[in-house]
Structures are given as C-alpha cells and as structure tokens.
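Next up, input19.txt (compact mmCIF, C-alpha atoms and all ligand atoms):
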# COMPACT_ATOMS: atom_id res chain seq x y z
CA MET A 66 -128.52 180.32 -14.56
CA ALA A 67 -128.58 179.44 -18.25
CA ALA A 68 -131.91 178.24 -19.60
CA PRO A 69 -132.00 174.48 -20.20
CA GLU A 70 -131.73 173.32 -23.75
CA ASN A 71 -134.94 172.93 -25.69
CA PRO A 72 -135.83 169.23 -25.20
CA PHE A 73 -137.99 169.04 -28.33
CA VAL A 74 -135.89 168.04 -31.30
CA PHE A 75 -136.97 167.72 -34.90
CA GLY A 76 -135.16 166.88 -38.11
CA GLU A 77 -132.52 164.93 -36.23
CA ILE A 78 -132.16 161.39 -35.03
CA ILE A 79 -133.84 161.02 -31.65
CA GLU A 80 -131.91 159.19 -28.96
CA GLU A 81 -132.80 157.89 -25.54
CA PRO A 82 -134.11 159.19 -23.16
CA ASN A 83 -136.15 161.44 -25.48
CA PHE A 84 -137.28 158.59 -27.66
CA VAL A 85 -141.05 158.24 -27.26
CA ASN A 86 -142.77 154.83 -27.27
CA ARG A 87 -141.93 152.36 -30.07
CA THR A 88 -140.84 149.78 -27.53
CA SER A 89 -142.37 146.77 -29.23
CA GLU A 90 -141.12 147.88 -32.66
CA LEU A 91 -137.66 148.37 -31.19
CA ASP A 92 -137.61 144.93 -29.55
CA GLN A 93 -138.79 143.29 -32.71
CA LEU A 94 -136.26 145.06 -34.90
CA VAL A 95 -133.37 144.26 -32.56
CA ARG A 96 -134.41 140.62 -32.35
CA ASP A 97 -134.88 140.19 -36.11
CA LEU A 98 -131.62 141.91 -36.99
CA ALA A 99 -129.72 139.84 -34.44
CA ASP A 100 -131.26 136.76 -36.08
CA GLY A 101 -129.89 137.82 -39.46
CA GLN A 102 -133.31 138.57 -40.95
CA LYS A 103 -133.96 140.94 -43.84
CA ILE A 104 -136.62 143.43 -42.77
CA PHE A 105 -138.45 146.06 -44.77
CA LEU A 106 -139.40 149.07 -42.65
CA LEU A 107 -142.03 151.29 -44.24
CA SER A 108 -143.78 154.51 -43.29
CA PRO A 109 -144.53 157.90 -44.78
CA ARG A 110 -141.90 160.58 -44.31
CA ARG A 111 -140.98 161.85 -40.87
CA PHE A 112 -142.68 159.12 -38.89
CA GLY A 113 -139.44 158.07 -37.20
CA LYS A 114 -137.85 155.26 -39.24
CA SER A 115 -134.29 156.56 -39.11
CA SER A 116 -134.50 157.23 -35.37
CA LEU A 117 -135.90 153.78 -34.70
CA VAL A 118 -133.21 152.08 -36.75
CA ALA A 119 -130.43 154.16 -35.16
CA LEU A 120 -131.57 153.11 -31.71
CA ALA A 121 -131.85 149.47 -32.78
CA LEU A 122 -128.31 149.54 -34.18
CA PHE A 123 -127.08 151.18 -30.98
CA LYS A 124 -128.58 148.33 -28.95
CA LEU A 125 -127.09 145.73 -31.28
CA LYS A 126 -123.68 147.31 -30.95
CA LYS A 127 -123.88 146.81 -27.22
CA ARG A 128 -124.43 143.13 -27.97
CA HIS A 129 -121.19 143.11 -29.99
CA ILE A 130 -122.89 142.99 -33.34
CA HIS A 131 -121.05 145.11 -35.88
CA THR A 132 -123.34 147.73 -37.38
CA VAL A 133 -123.42 149.69 -40.61
CA SER A 134 -125.82 152.46 -41.59
CA ILE A 135 -126.02 153.86 -45.11
CA THR A 136 -128.45 156.39 -46.51
CA VAL A 137 -128.90 155.46 -50.15
CA SER A 138 -130.12 158.91 -51.16
CA SER A 139 -126.89 160.57 -50.03
CA TYR A 140 -124.95 159.36 -53.06
CA SER A 141 -125.07 160.68 -56.56
CA SER A 142 -123.99 157.60 -58.46
CA TYR A 143 -124.06 153.86 -58.24
CA ALA A 144 -120.24 153.74 -58.09
CA GLN A 145 -120.14 156.18 -55.19
CA PHE A 146 -122.78 154.23 -53.31
CA LEU A 147 -120.83 150.98 -53.77
CA GLU A 148 -117.62 152.64 -52.58
CA LYS A 149 -119.26 153.94 -49.43
CA PHE A 150 -120.91 150.61 -48.83
CA ALA A 151 -117.52 148.86 -49.10
CA GLU A 152 -115.85 151.45 -46.87
CA LYS A 153 -118.46 151.32 -44.17
CA VAL A 154 -118.57 147.54 -44.13
CA LEU A 155 -114.78 147.34 -43.88
CA ARG A 156 -114.71 149.91 -41.12
CA ALA A 157 -117.41 148.08 -39.18
CA ALA A 158 -115.67 144.72 -39.60
CA GLY A 159 -112.24 146.15 -38.61
CA PRO A 160 -109.77 146.52 -36.98
CA TRP A 161 -107.58 146.51 -40.07
CA ASP A 162 -105.50 143.52 -38.99
CA ARG A 163 -108.59 141.41 -38.99
CA VAL A 164 -109.73 142.36 -42.47
CA LYS A 165 -106.50 142.99 -44.35
CA ASP A 166 -105.95 139.45 -45.66
CA TRP A 167 -109.41 139.33 -46.92
CA VAL A 168 -109.11 142.78 -48.48
CA THR A 169 -106.10 141.59 -50.47
CA ARG A 170 -108.11 138.73 -51.88
CA PHE A 171 -111.09 140.94 -52.61
CA GLY A 172 -108.67 143.37 -54.25
CA ARG A 173 -107.44 140.73 -56.66
CA SER A 174 -110.78 140.21 -58.33
CA VAL A 175 -112.36 143.67 -58.02
CA LYS A 176 -109.12 145.70 -58.29
CA PRO A 177 -110.24 148.58 -56.13
CA ASP A 178 -108.00 151.29 -54.82
CA ILE A 179 -108.15 150.77 -51.06
CA ASN A 180 -106.36 153.16 -48.75
CA TYR A 181 -105.89 152.60 -45.10
CA ASN A 182 -104.85 155.37 -42.75
CA MET A 183 -102.79 153.86 -39.92
CA THR A 184 -103.29 156.83 -37.64
CA THR A 185 -107.03 157.33 -37.88
CA GLY A 186 -107.93 153.76 -38.74
CA ASP A 187 -109.95 155.07 -41.66
CA VAL A 188 -110.44 153.19 -44.90
CA SER A 189 -111.25 154.64 -48.27
CA VAL A 190 -112.25 152.67 -51.31
CA SER A 191 -112.17 153.74 -54.94
CA LEU A 192 -113.63 151.34 -57.46
CA GLY A 193 -112.99 153.18 -60.71
CA LYS A 194 -113.02 156.65 -62.10
CA GLY A 195 -114.40 158.53 -65.04
CA PRO A 196 -117.94 159.10 -66.25
CA GLY A 197 -117.79 155.97 -68.41
CA PHE A 198 -117.03 153.67 -65.48
CA ASP A 199 -119.77 151.07 -65.07
CA PRO A 200 -119.70 149.38 -61.65
CA THR A 201 -122.46 146.88 -62.50
CA PRO A 202 -120.13 143.88 -63.06
CA ILE A 203 -118.40 144.27 -59.69
CA ALA A 204 -121.53 145.14 -57.67
CA PRO A 205 -122.22 141.49 -56.68
CA GLU A 206 -118.77 141.24 -55.13
CA VAL A 207 -119.25 144.43 -53.18
CA PHE A 208 -122.62 143.28 -51.86
CA ALA A 209 -121.05 139.94 -50.96
CA MET A 210 -118.56 141.64 -48.63
CA PRO A 211 -120.59 141.55 -45.40
CA GLY A 212 -121.13 137.80 -45.82
CA GLU A 213 -117.47 137.12 -46.60
CA LEU A 214 -116.19 139.25 -43.75
CA THR A 215 -118.54 137.82 -41.15
CA LYS A 216 -117.65 134.29 -42.23
CA ASN A 217 -113.92 134.98 -42.21
CA ALA A 218 -113.75 136.88 -38.97
CA GLY A 219 -116.46 135.00 -37.10
CA LEU A 220 -118.50 138.09 -36.31
CA ARG A 221 -122.06 139.19 -36.83
CA MET A 222 -123.33 142.28 -38.60
CA ALA A 223 -126.48 144.39 -38.90
CA ILE A 224 -126.81 146.72 -41.84
CA CYS A 225 -129.35 149.48 -42.46
CA LEU A 226 -129.96 150.78 -45.96
CA ASP A 227 -132.04 153.91 -45.35
CA GLU A 228 -134.12 155.69 -48.02
CA PHE A 229 -133.99 152.37 -49.81
CA GLN A 230 -136.72 153.34 -52.29
CA GLN A 231 -134.04 155.47 -54.00
CA ILE A 232 -131.97 152.43 -54.96
CA SER A 233 -133.77 151.97 -58.26
CA GLU A 234 -132.58 155.42 -59.33
CA PHE A 235 -129.10 153.96 -59.69
CA ASN A 236 -129.52 151.11 -62.04
CA GLY A 237 -133.09 149.95 -62.25
CA GLY A 238 -133.66 146.26 -61.71
CA SER A 239 -130.05 145.17 -61.85
CA VAL A 240 -129.08 146.72 -58.51
CA GLU A 241 -132.14 145.18 -56.83
CA ASN A 242 -131.18 141.80 -58.26
CA ALA A 243 -127.58 142.13 -57.18
CA ILE A 244 -128.50 143.00 -53.59
CA ARG A 245 -131.23 140.42 -53.30
CA ASN A 246 -129.02 137.60 -54.60
CA GLN A 247 -126.20 138.41 -52.24
CA VAL A 248 -128.08 139.18 -49.03
CA GLN A 249 -130.13 136.01 -49.10
CA GLU A 250 -126.87 134.04 -48.74
CA GLN A 251 -125.77 135.98 -45.67
CA ARG A 252 -126.97 134.12 -42.59
CA GLU A 253 -124.89 136.15 -40.14
CA VAL A 254 -125.99 139.54 -41.42
CA GLY A 255 -129.26 141.25 -40.55
CA TYR A 256 -130.52 143.88 -42.95
CA VAL A 257 -133.13 146.57 -42.55
CA PHE A 258 -134.27 148.27 -45.71
CA ALA A 259 -136.04 151.44 -44.62
CA GLY A 260 -138.14 153.45 -47.03
CA SER A 261 -140.34 156.50 -47.13
CA GLN A 262 -142.82 156.81 -49.97
CA PRO A 263 -144.59 153.55 -49.15
CA SER A 264 -146.09 153.42 -52.63
CA LEU A 265 -142.61 153.12 -54.18
CA MET A 266 -141.56 150.58 -51.59
CA LYS A 267 -144.66 148.51 -52.17
CA GLU A 268 -143.96 148.53 -55.87
CA MET A 269 -140.47 147.29 -55.18
CA LEU A 270 -141.85 144.45 -53.07
CA SER A 271 -144.49 143.42 -55.59
CA ALA A 272 -144.50 140.15 -57.53
CA ASN A 273 -141.95 139.96 -60.38
CA ARG A 274 -139.53 142.25 -58.58
CA PRO A 275 -136.38 140.84 -56.94
CA PHE A 276 -137.39 141.77 -53.38
CA HIS A 277 -140.79 140.09 -53.52
CA ARG A 278 -141.17 138.12 -50.27
CA ALA A 279 -137.52 138.67 -49.35
CA GLY A 280 -138.37 139.27 -45.70
CA PRO A 281 -140.91 140.54 -43.18
CA LEU A 282 -142.57 143.94 -43.62
CA MET A 283 -142.81 146.33 -40.71
CA PHE A 284 -145.16 149.29 -41.04
CA LEU A 285 -144.44 152.11 -38.65
CA ASP A 286 -147.58 153.64 -37.19
CA LYS A 287 -148.01 157.05 -35.69
CA ILE A 288 -147.10 157.29 -31.99
CA PRO A 289 -150.27 157.28 -29.85
CA ALA A 290 -151.48 160.61 -28.41
CA ALA A 291 -151.23 159.38 -24.81
CA ASP A 292 -147.47 158.83 -25.11
CA TRP A 293 -146.95 162.27 -26.59
CA LYS A 294 -149.03 163.85 -23.84
CA ASP A 295 -146.89 162.21 -21.14
CA PHE A 296 -143.69 163.23 -22.85
CA ILE A 297 -144.67 166.85 -23.52
CA THR A 298 -146.20 167.35 -20.07
CA ARG A 299 -143.08 165.94 -18.40
CA GLN A 300 -140.73 168.20 -20.34
CA PHE A 301 -142.69 171.35 -19.54
CA ARG A 302 -143.12 170.33 -15.93
CA ASN A 303 -139.34 169.94 -15.56
CA ARG A 304 -139.18 173.61 -16.37
CA GLY A 305 -141.99 174.55 -14.01
CA ARG A 306 -144.52 175.09 -16.78
CA THR A 307 -147.82 173.49 -17.67
CA LEU A 308 -149.66 172.95 -20.92
CA ASP A 309 -153.32 172.23 -20.21
CA ASP A 310 -155.27 169.36 -21.72
CA LYS A 311 -156.98 171.45 -24.36
CA GLY A 312 -153.58 172.83 -25.34
CA LEU A 313 -152.13 169.33 -25.67
CA GLU A 314 -155.09 168.18 -27.75
CA THR A 315 -154.74 171.20 -30.01
CA LEU A 316 -151.04 170.64 -30.53
CA LEU A 317 -151.48 166.97 -31.41
CA GLN A 318 -154.39 167.70 -33.68
CA ILE A 319 -152.55 170.41 -35.62
CA ALA A 320 -149.50 168.14 -35.94
CA ASP A 321 -151.77 165.30 -37.10
CA LEU A 322 -149.70 163.10 -34.75
CA ILE A 323 -146.82 163.16 -37.21
CA PRO A 324 -143.75 162.82 -34.96
CA TYR A 325 -141.69 165.47 -36.72
CA ASP A 326 -144.45 168.04 -36.48
CA VAL A 327 -145.37 167.26 -32.89
CA GLN A 328 -141.76 167.95 -31.96
CA ARG A 329 -141.55 171.01 -34.16
CA ILE A 330 -144.60 172.74 -32.66
CA ALA A 331 -143.61 171.71 -29.13
CA HIS A 332 -140.14 173.12 -29.81
CA GLU A 333 -141.58 176.48 -30.89
CA LEU A 334 -143.94 176.51 -27.93
CA TRP A 335 -141.02 175.95 -25.58
CA ASP A 336 -139.08 178.89 -27.06
CA TYR A 337 -142.20 181.05 -26.93
CA ALA A 338 -142.76 180.21 -23.25
CA GLU A 339 -139.11 181.00 -22.47
CA LEU A 340 -139.28 184.29 -24.29
CA LYS A 341 -142.50 185.40 -22.62
CA ASP A 342 -141.68 183.63 -19.40
CA LYS A 343 -145.14 182.12 -19.40
CA ARG A 344 -145.85 179.47 -16.76
CA GLU A 345 -149.27 178.32 -17.92
CA LEU A 346 -149.76 177.47 -21.54
CA HIS A 347 -153.12 177.01 -23.27
CA ALA A 348 -154.60 176.18 -26.67
CA SER A 349 -154.45 179.86 -27.60
CA ASP A 350 -150.67 179.79 -27.16
CA VAL A 351 -150.40 176.69 -29.33
CA ASN A 352 -152.48 178.41 -32.01
CA SER A 353 -150.44 181.53 -31.91
CA VAL A 354 -147.16 179.60 -32.21
CA THR A 355 -148.61 177.63 -35.11
CA ASP A 356 -149.73 180.81 -36.85
CA SER A 357 -146.20 182.16 -36.80
CA LEU A 358 -144.89 178.88 -38.16
CA VAL A 359 -147.40 179.01 -41.01
CA ALA A 360 -146.59 182.67 -41.67
CA GLY A 361 -142.90 181.81 -41.83
CA GLN A 362 -143.63 179.20 -44.51
CA SER A 363 -146.04 181.29 -46.56
CA THR A 364 -143.59 182.23 -49.33
CA TYR A 365 -142.80 178.58 -49.83
CA TYR A 366 -146.49 177.59 -49.78
CA GLU A 367 -147.30 180.36 -52.24
CA LEU A 368 -144.69 179.06 -54.70
CA LEU A 369 -145.86 175.51 -54.28
CA TRP A 370 -149.49 176.53 -54.83
CA GLU A 371 -148.62 178.38 -58.05
CA GLN A 372 -147.09 175.22 -59.47
CA LEU A 373 -150.27 173.21 -58.99
CA SER A 374 -153.01 172.71 -61.54
CA VAL A 375 -156.53 174.00 -60.88
CA ARG A 376 -157.74 170.44 -60.26
CA GLN A 377 -154.95 169.74 -57.80
CA ARG A 378 -155.72 172.94 -55.90
CA ALA A 379 -159.42 172.14 -55.73
CA THR A 380 -158.62 168.66 -54.45
CA LEU A 381 -156.31 170.03 -51.76
CA GLN A 382 -158.92 172.59 -50.73
CA ALA A 383 -161.57 169.92 -50.34
CA LEU A 384 -159.18 167.74 -48.37
CA ALA A 385 -158.07 170.64 -46.16
CA GLU A 386 -161.62 171.70 -45.36
CA GLN A 387 -163.54 168.44 -45.30
CA GLY A 388 -161.03 165.71 -44.50
CA PRO A 389 -160.26 162.60 -46.54
CA GLY A 390 -163.65 160.87 -46.24
CA ALA A 391 -165.41 163.74 -47.96
CA LEU A 392 -163.52 163.27 -51.23
CA TYR A 393 -165.87 160.45 -52.05
CA SER A 394 -169.08 162.36 -51.42
CA GLN A 395 -171.01 163.72 -54.38
CA ALA A 396 -171.96 166.86 -52.43
CA VAL A 397 -168.32 167.72 -51.83
CA LEU A 398 -167.34 166.95 -55.44
CA THR A 399 -170.02 169.43 -56.52
CA GLU A 400 -169.24 172.08 -53.91
CA PHE A 401 -165.55 172.18 -54.77
CA ARG A 402 -166.20 171.78 -58.51
CA LEU A 403 -163.97 168.75 -58.53
CA GLY A 404 -165.38 167.03 -61.60
CA PRO A 405 -165.85 163.26 -61.83
CA ALA A 406 -164.38 160.93 -59.21
CA SER A 407 -161.82 159.63 -61.72
CA THR A 408 -160.35 163.15 -62.08
CA VAL A 409 -160.08 163.43 -58.30
CA GLN A 410 -158.26 160.09 -58.21
CA LYS A 411 -155.81 161.35 -60.81
CA ALA A 412 -155.19 164.55 -58.86
CA LEU A 413 -154.65 162.57 -55.65
CA HIS A 414 -152.13 160.30 -57.39
CA SER A 415 -150.15 163.21 -58.77
CA LEU A 416 -150.14 164.97 -55.38
CA ASP A 417 -148.92 161.73 -53.83
CA SER A 418 -146.03 161.44 -56.27
CA ARG A 419 -145.13 165.09 -55.64
CA ASP A 420 -144.85 164.28 -51.94
CA ILE A 421 -147.58 166.71 -50.95
CA LEU A 422 -149.93 163.93 -49.91
CA ASP A 423 -149.40 160.36 -48.84
CA ARG A 424 -151.64 157.59 -47.60
CA TYR A 425 -151.96 156.37 -44.06
CA LYS A 426 -154.40 153.60 -43.13
CA ASP A 427 -155.96 153.94 -46.57
CA ALA A 428 -156.74 157.66 -46.31
CA TYR A 429 -154.90 160.55 -47.93
CA PHE A 430 -153.27 163.08 -45.62
CA PHE A 431 -151.01 166.12 -45.92
CA LEU A 432 -147.34 165.25 -45.39
CA ASP A 433 -146.95 168.76 -44.00
CA PRO A 434 -149.87 169.27 -41.60
CA LEU A 435 -149.40 173.05 -41.60
CA PHE A 436 -150.09 173.30 -45.32
CA PRO A 437 -153.86 172.63 -45.00
CA ARG A 438 -154.00 175.37 -42.39
CA TRP A 439 -152.47 177.80 -44.87
CA ILE A 440 -154.88 176.61 -47.57
CA ARG A 441 -157.90 177.16 -45.30
CA GLU A 442 -156.75 180.65 -44.39
CA LYS A 443 -156.13 181.52 -47.99
CA ALA A 444 -159.61 180.52 -49.08
CA SER A 445 -161.39 182.22 -46.22
N1 LIG B 501 -139.73 157.77 -31.18
C1 LIG B 501 -139.68 159.09 -31.31
N2 LIG B 501 -139.73 159.89 -30.20
C2 LIG B 501 -139.71 161.22 -30.30
N3 LIG B 501 -139.63 161.88 -31.47
C3 LIG B 501 -139.58 161.17 -32.61
C4 LIG B 501 -139.59 159.74 -32.58
N4 LIG B 501 -139.53 159.30 -33.85
C5 LIG B 501 -139.47 160.40 -34.62
N5 LIG B 501 -139.50 161.53 -33.91
C6 LIG B 501 -139.50 162.91 -34.43
O1 LIG B 501 -139.67 162.87 -35.82
C7 LIG B 501 -138.51 163.40 -36.50
C8 LIG B 501 -138.26 162.60 -37.75
O2 LIG B 501 -137.80 161.30 -37.39
P1 LIG B 501 -136.92 160.42 -38.37
O3 LIG B 501 -135.97 161.26 -39.12
O4 LIG B 501 -136.44 159.28 -37.58
O5 LIG B 501 -138.09 159.95 -39.36
P2 LIG B 501 -138.01 159.23 -40.77
O6 LIG B 501 -139.22 158.38 -40.87
O7 LIG B 501 -136.70 158.60 -40.94
O8 LIG B 501 -138.15 160.48 -41.74
P3 LIG B 501 -137.73 160.60 -43.29
O9 LIG B 501 -138.68 159.76 -44.05
O10 LIG B 501 -137.89 162.05 -43.60
O11 LIG B 501 -136.31 160.11 -43.40
C9 LIG B 501 -137.40 163.34 -35.48
O12 LIG B 501 -136.41 164.30 -35.72
C10 LIG B 501 -138.18 163.64 -34.20
O13 LIG B 501 -138.43 165.00 -34.10
MG MG B 502 -135.21 158.89 -42.37

Please render this file's structure as structure tokens.
Amino acid sequence: MAAPENPFVFGEIIEEPNFVNRTSELDQLVRDLADGQKIFLLSPRRFGKSSLVALALFKLKKRHIHTVSITVSSYSSYAQFLEKFAEKVLRAAGPWDRVKDWVTRFGRSVKPDINYNMTTGDVSVSLGKGPGFDPTPIAPEVFAMPGELTKNAGLRMAICLDEFQQISEFNGGSVENAIRNQVQEQREVGYVFAGSQPSLMKEMLSANRPFHRAGPLMFLDKIPAADWKDFITRQFRNRGRTLDDKGLETLLQIADLIPYDVQRIAHELWDYAELKDKRELHASDVNSVTDSLVAGQSTYYELLWEQLSVRQRATLQALAEQGPGALYSQAVLTEFRLGPASTVQKALHSLDSRDILDRYKDAYFFLDPLFPRWIREKAS
C-alpha cells in the first residue's frame, strides 16, 4: 500500500480540514467582508494571513458573494497591476453577458484593449503599452469598477489585496489616494487589505496617510500551542505513530509557534519517521530533524551573516542566546560588547527592515526561528 501523503504542508495555502484554529478570526472576517467593510489584516510573515483570507473568500463564495484575490507583489508595474485588477474583477463579476454592456461604457472613457475568449470565458485587459505609459489618470476608473459592476448587476463582491504594503512601491501616495477614494464609495464590496511587515502597514495607516482610519484593523496572533498539539498528535496517530509530550513541546519551541515553521518541522519529522519506520517519536528525533534542516540552510545563513555589520551580528548573537528581554540589560550589553542602547536600537531597526527580525507583542523575534539555532552553534 502506498504511504499516505505528508499531511503537514508549508509554503502553500492551507485548506480545510487541515486548517488549524482561527475560528473566531474566520467568522469575523467573513462577517465583515459580507457587510462590505474594509479590513486591514496585519501580521508578521508566515503567520497565516493568505490562508485565512483564502478560506474566508471560499466561504463567501458559497454564500454567492463574488470574490477576487490579488497579490500586489506579483506585478512589476502599476499598469500591470491595474490590468490584472480589472481582469479579475470582470471575471468575478461575469458571465460576459452580464458585464459586456458595462464594459463598453467603461471602454469609452478608459479606452482599454479588452479581449474576451468565448470558449474559455477568459478576459484580458490591456490599458496601454510602452515604458512611457502612465496609468495614473485612469487608475480611479479601474478602482471604481467593483462598485460599478456590483451596482449594475445587483451582486456583491469581496476583494482581497494581499501583500498590500507593496502598493506604495508603484506610485507612492497617489495609488493609496486613488484606492481609498474609490473603495469608500463601494457599499456592496468588502475589502481585505492584508500585509506582512506590520511596521510598513502601520506607517500606511498613520495620520496624514490616505488609509488612516479607513476600516478596522485585525492583528493575526500566533496559533496557540494546544491547537497545534491536537493537530500534530492526530496526524501522527492516523499513521499509527506517536510523538510524546516532550517532543511536541520541543517542536513548538524550536518553531517559535510560527505556523510556517511548525508545519515545516512536522513535515520533516513525518518523512523521517516514514524513512526509518519509527513508531514512537521523541524530542531527540525532533532535534535531529531540526539539525538537518539547519545544516541544509547553512550556506545561505553563512552568506547572510557575511553581509551583516559587526554591530548587527552582536545584536543577533545576544538575541539568539539571551532572548529579547535581555537586550535592555546592561550586563548583556557589556557581555556582547553591544555599545550604548541607542546603537542596539539602530541595529534592531536595520535588522527589522532587512526582514531578519520583526516585532511581535512588542518584542523582537527571528522571522526564521532556525537562524538563531545556527547562530548559537556557530558561536559555541
Ligand atoms: N490556520 C493554519 N493551520 C495550519 N497551518 C497554517 C495555518 N495558517 C498558516 N499555516 C502554515 O503557515 C504557512 C504560511 O501561511 P500563509 O502563507 O497563509 O501565511 P502569510 O501570513 O500569508 O505569509 P506571508 O506573509 O509570507 O505571505 C502555511 O503554508 C502553513 O504551513
Ligand atoms: Mg501571504
């Protein structure tokens, strides 16, 4: 009999039934989007925003709400982003018969090149070509589309703009203004603006920026250890294996409860158990799997380390060995030769903007929880 597929998935959107916890966040998101609210979903990387939104949109679809999902960072120019936005909105609002009259009218003012494939039902939109083409003047009309279409066709829509912090890369404040002005008019359209790099998102939501107080903020927390324990235990049990309590604790502690890393280590542990045909798994197995993961990354870590300044390295070493609280203790500053507290703050900021560290509940942490393990081994 073929071995069952590894049930631990990382780096992909998680679907039911392997979606752990997040029930209240899911309910809230579905409710708010169905109400046409504009929600800002924030968390550090790999906490599960995209998976949560995908599941929310899936549930909304079942309630006959038309859904659109766009990852802002996938596009290399403002024009391309606007084209994909228009395409996806048209496709979601379709069928073609329903939207074609409106498209003709839209076409008159914006003059896009819209192609419709009768066989596949696909739409493609081209707004203008050439490096000199500036889509800024037509952007408001593109962002107005969901409102126009929902009004015309009497339907409701929910739209996710993922990696939203990247929007300012396109055209600074003007794109934020254009979106803000249009979406606030759209009663029938719920929006979720999801963003990693909470510091960038918070900046975008600050006073004097277009999105200030545009809608409720939702911070995604880590998933509690108890839910992970149930999930991991259940999966291994289905395969006739056990991971003891100490092993579970070790796994969750190494992964720092970051969803991506919990799944990644559990995934490796599963493969390891299959390979060795081991029925009972312990903390030592978790450690050994983690060691191979760290070893596999060592070339990358080495390169990364070489690019860092002496101060940044010292700061990371202190954080890896002593934890975040210690960065404010004079003894630690002295032991790691960190210099004055202001220098440490500067190093922390630069490591944050390089996506090596981020903040969670006011404390700095490693975005990749295996990196501090490598740092500790290196210094020992
Ligand atoms: N509710 C969940 N249940 C189980 N695993 C999850 C859950 N949420 C996230 N994960 C795990 O974390 C990984 C990353 O999730 P996801 O891509 O949704 O996060 P994200 O916050 O959008 O990340 P990024 O900021 O990198 O875009 C998933 O592939 C999965 O392994
Ligand atoms: Mg994501």

Enumerate residues in contact with ligand LIG 501 (chain B): an atom-to-atom distance of at most 9 Å, counting only C-alpha atoms and all ligand atoms. Format the result as number ranges by chain.
A: 73-81, 83-88, 107-119, 227-228, 259-262, 285, 287-288, 293, 296, 323-329

When you look at segment 335-349 of chain A with a cut-off of 12 Å (counting all atoms listed in the file), what residues show up, excluding the ones that are within fewer than 2 positions of it in the same chain? I need them as a ChimeraX atom specification.
/A:67-74,297-298,300-319,328-333,351-358

Those selected residues, please, written with C-alpha atoms and delivered as a PDB file, in the frame of the given file.
ATOM      1  CA  ALA A  67    -128.580 179.440 -18.250  1.00  0.00           C
ATOM      2  CA  ALA A  68    -131.910 178.240 -19.600  1.00  0.00           C
ATOM      3  CA  PRO A  69    -132.000 174.480 -20.200  1.00  0.00           C
ATOM      4  CA  GLU A  70    -131.730 173.320 -23.750  1.00  0.00           C
ATOM      5  CA  ASN A  71    -134.940 172.930 -25.690  1.00  0.00           C
ATOM      6  CA  PRO A  72    -135.830 169.230 -25.200  1.00  0.00           C
ATOM      7  CA  PHE A  73    -137.990 169.040 -28.330  1.00  0.00           C
ATOM      8  CA  VAL A  74    -135.890 168.040 -31.300  1.00  0.00           C
ATOM      9  CA  ILE A 297    -144.670 166.850 -23.520  1.00  0.00           C
ATOM     10  CA  THR A 298    -146.200 167.350 -20.070  1.00  0.00           C
ATOM     11  CA  GLN A 300    -140.730 168.200 -20.340  1.00  0.00           C
ATOM     12  CA  PHE A 301    -142.690 171.350 -19.540  1.00  0.00           C
ATOM     13  CA  ARG A 302    -143.120 170.330 -15.930  1.00  0.00           C
ATOM     14  CA  ASN A 303    -139.340 169.940 -15.560  1.00  0.00           C
ATOM     15  CA  ARG A 304    -139.180 173.610 -16.370  1.00  0.00           C
ATOM     16  CA  GLY A 305    -141.990 174.550 -14.010  1.00  0.00           C
ATOM     17  CA  ARG A 306    -144.520 175.090 -16.780  1.00  0.00           C
ATOM     18  CA  THR A 307    -147.820 173.490 -17.670  1.00  0.00           C
ATOM     19  CA  LEU A 308    -149.660 172.950 -20.920  1.00  0.00           C
ATOM     20  CA  ASP A 309    -153.320 172.230 -20.210  1.00  0.00           C
ATOM     21  CA  ASP A 310    -155.270 169.360 -21.720  1.00  0.00           C
ATOM     22  CA  LYS A 311    -156.980 171.450 -24.360  1.00  0.00           C
ATOM     23  CA  GLY A 312    -153.580 172.830 -25.340  1.00  0.00           C
ATOM     24  CA  LEU A 313    -152.130 169.330 -25.670  1.00  0.00           C
ATOM     25  CA  GLU A 314    -155.090 168.180 -27.750  1.00  0.00           C
ATOM     26  CA  THR A 315    -154.740 171.200 -30.010  1.00  0.00           C
ATOM     27  CA  LEU A 316    -151.040 170.640 -30.530  1.00  0.00           C
ATOM     28  CA  LEU A 317    -151.480 166.970 -31.410  1.00  0.00           C
ATOM     29  CA  GLN A 318    -154.390 167.700 -33.680  1.00  0.00           C
ATOM     30  CA  ILE A 319    -152.550 170.410 -35.620  1.00  0.00           C
ATOM     31  CA  GLN A 328    -141.760 167.950 -31.960  1.00  0.00           C
ATOM     32  CA  ARG A 329    -141.550 171.010 -34.160  1.00  0.00           C
ATOM     33  CA  ILE A 330    -144.600 172.740 -32.660  1.00  0.00           C
ATOM     34  CA  ALA A 331    -143.610 171.710 -29.130  1.00  0.00           C
ATOM     35  CA  HIS A 332    -140.140 173.120 -29.810  1.00  0.00           C
ATOM     36  CA  GLU A 333    -141.580 176.480 -30.890  1.00  0.00           C
ATOM     37  CA  VAL A 351    -150.400 176.690 -29.330  1.00  0.00           C
ATOM     38  CA  ASN A 352    -152.480 178.410 -32.010  1.00  0.00           C
ATOM     39  CA  SER A 353    -150.440 181.530 -31.910  1.00  0.00           C
ATOM     40  CA  VAL A 354    -147.160 179.600 -32.210  1.00  0.00           C
ATOM     41  CA  THR A 355    -148.610 177.630 -35.110  1.00  0.00           C
ATOM     42  CA  ASP A 356    -149.730 180.810 -36.850  1.00  0.00           C
ATOM     43  CA  SER A 357    -146.200 182.160 -36.800  1.00  0.00           C
ATOM     44  CA  LEU A 358    -144.890 178.880 -38.160  1.00  0.00           C
TER      45      LEU A 358
END

Using only C-alpha atoms, pick whichever of A:Val164, A:Val207, A:Ala279, A:Val154 has the shortest atom-to-atom distance to Ala223 of chain A.
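For Ala223 of chain A, the nearest of the given residues is A:Val154.
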
How many Å lie between atom CA of Thr215 of chain A and atom CA of Glu253 of chain A, rounded to one decimal?
6.6 Å

Suppose you want the space between atom CA of Asp100 of chain A and atom CA of Arg221 of chain A; what is it in Å?
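Atom CA of Asp100 of chain A sits 9.5 Å away from atom CA of Arg221 of chain A.
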
What lies within 9 Å of Arg274 of chain A using only C-alpha atoms, ignoring chain neighbours under 6 positions off, as a ChimeraX atom specification?
/A:238,241-242,268

Atoms to include: C-alpha atoms. Write the selected residues as a PDB file, in the coordinates of the input.
ATOM      1  CA  GLY A 238    -133.660 146.260 -61.710  1.00  0.00           C
ATOM      2  CA  GLU A 241    -132.140 145.180 -56.830  1.00  0.00           C
ATOM      3  CA  ASN A 242    -131.180 141.800 -58.260  1.00  0.00           C
ATOM      4  CA  GLU A 268    -143.960 148.530 -55.870  1.00  0.00           C
TER       5      GLU A 268
END

Got a sec: who's within 7 Å of Ala157 of chain A, counting all atoms listed in the file, leaving out chain neighbours fewer than 5 positions off, as a ChimeraX atom specification?
/A:131-133

I'd like to know which of A:Gln230, A:Arg156, A:Glu400, A:Glu367 is closest to ligand MG 502 (chain B), using all atoms listed in the file.
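Looking at the shortest contact to ligand MG 502 (chain B), the residue is A:Gln230.
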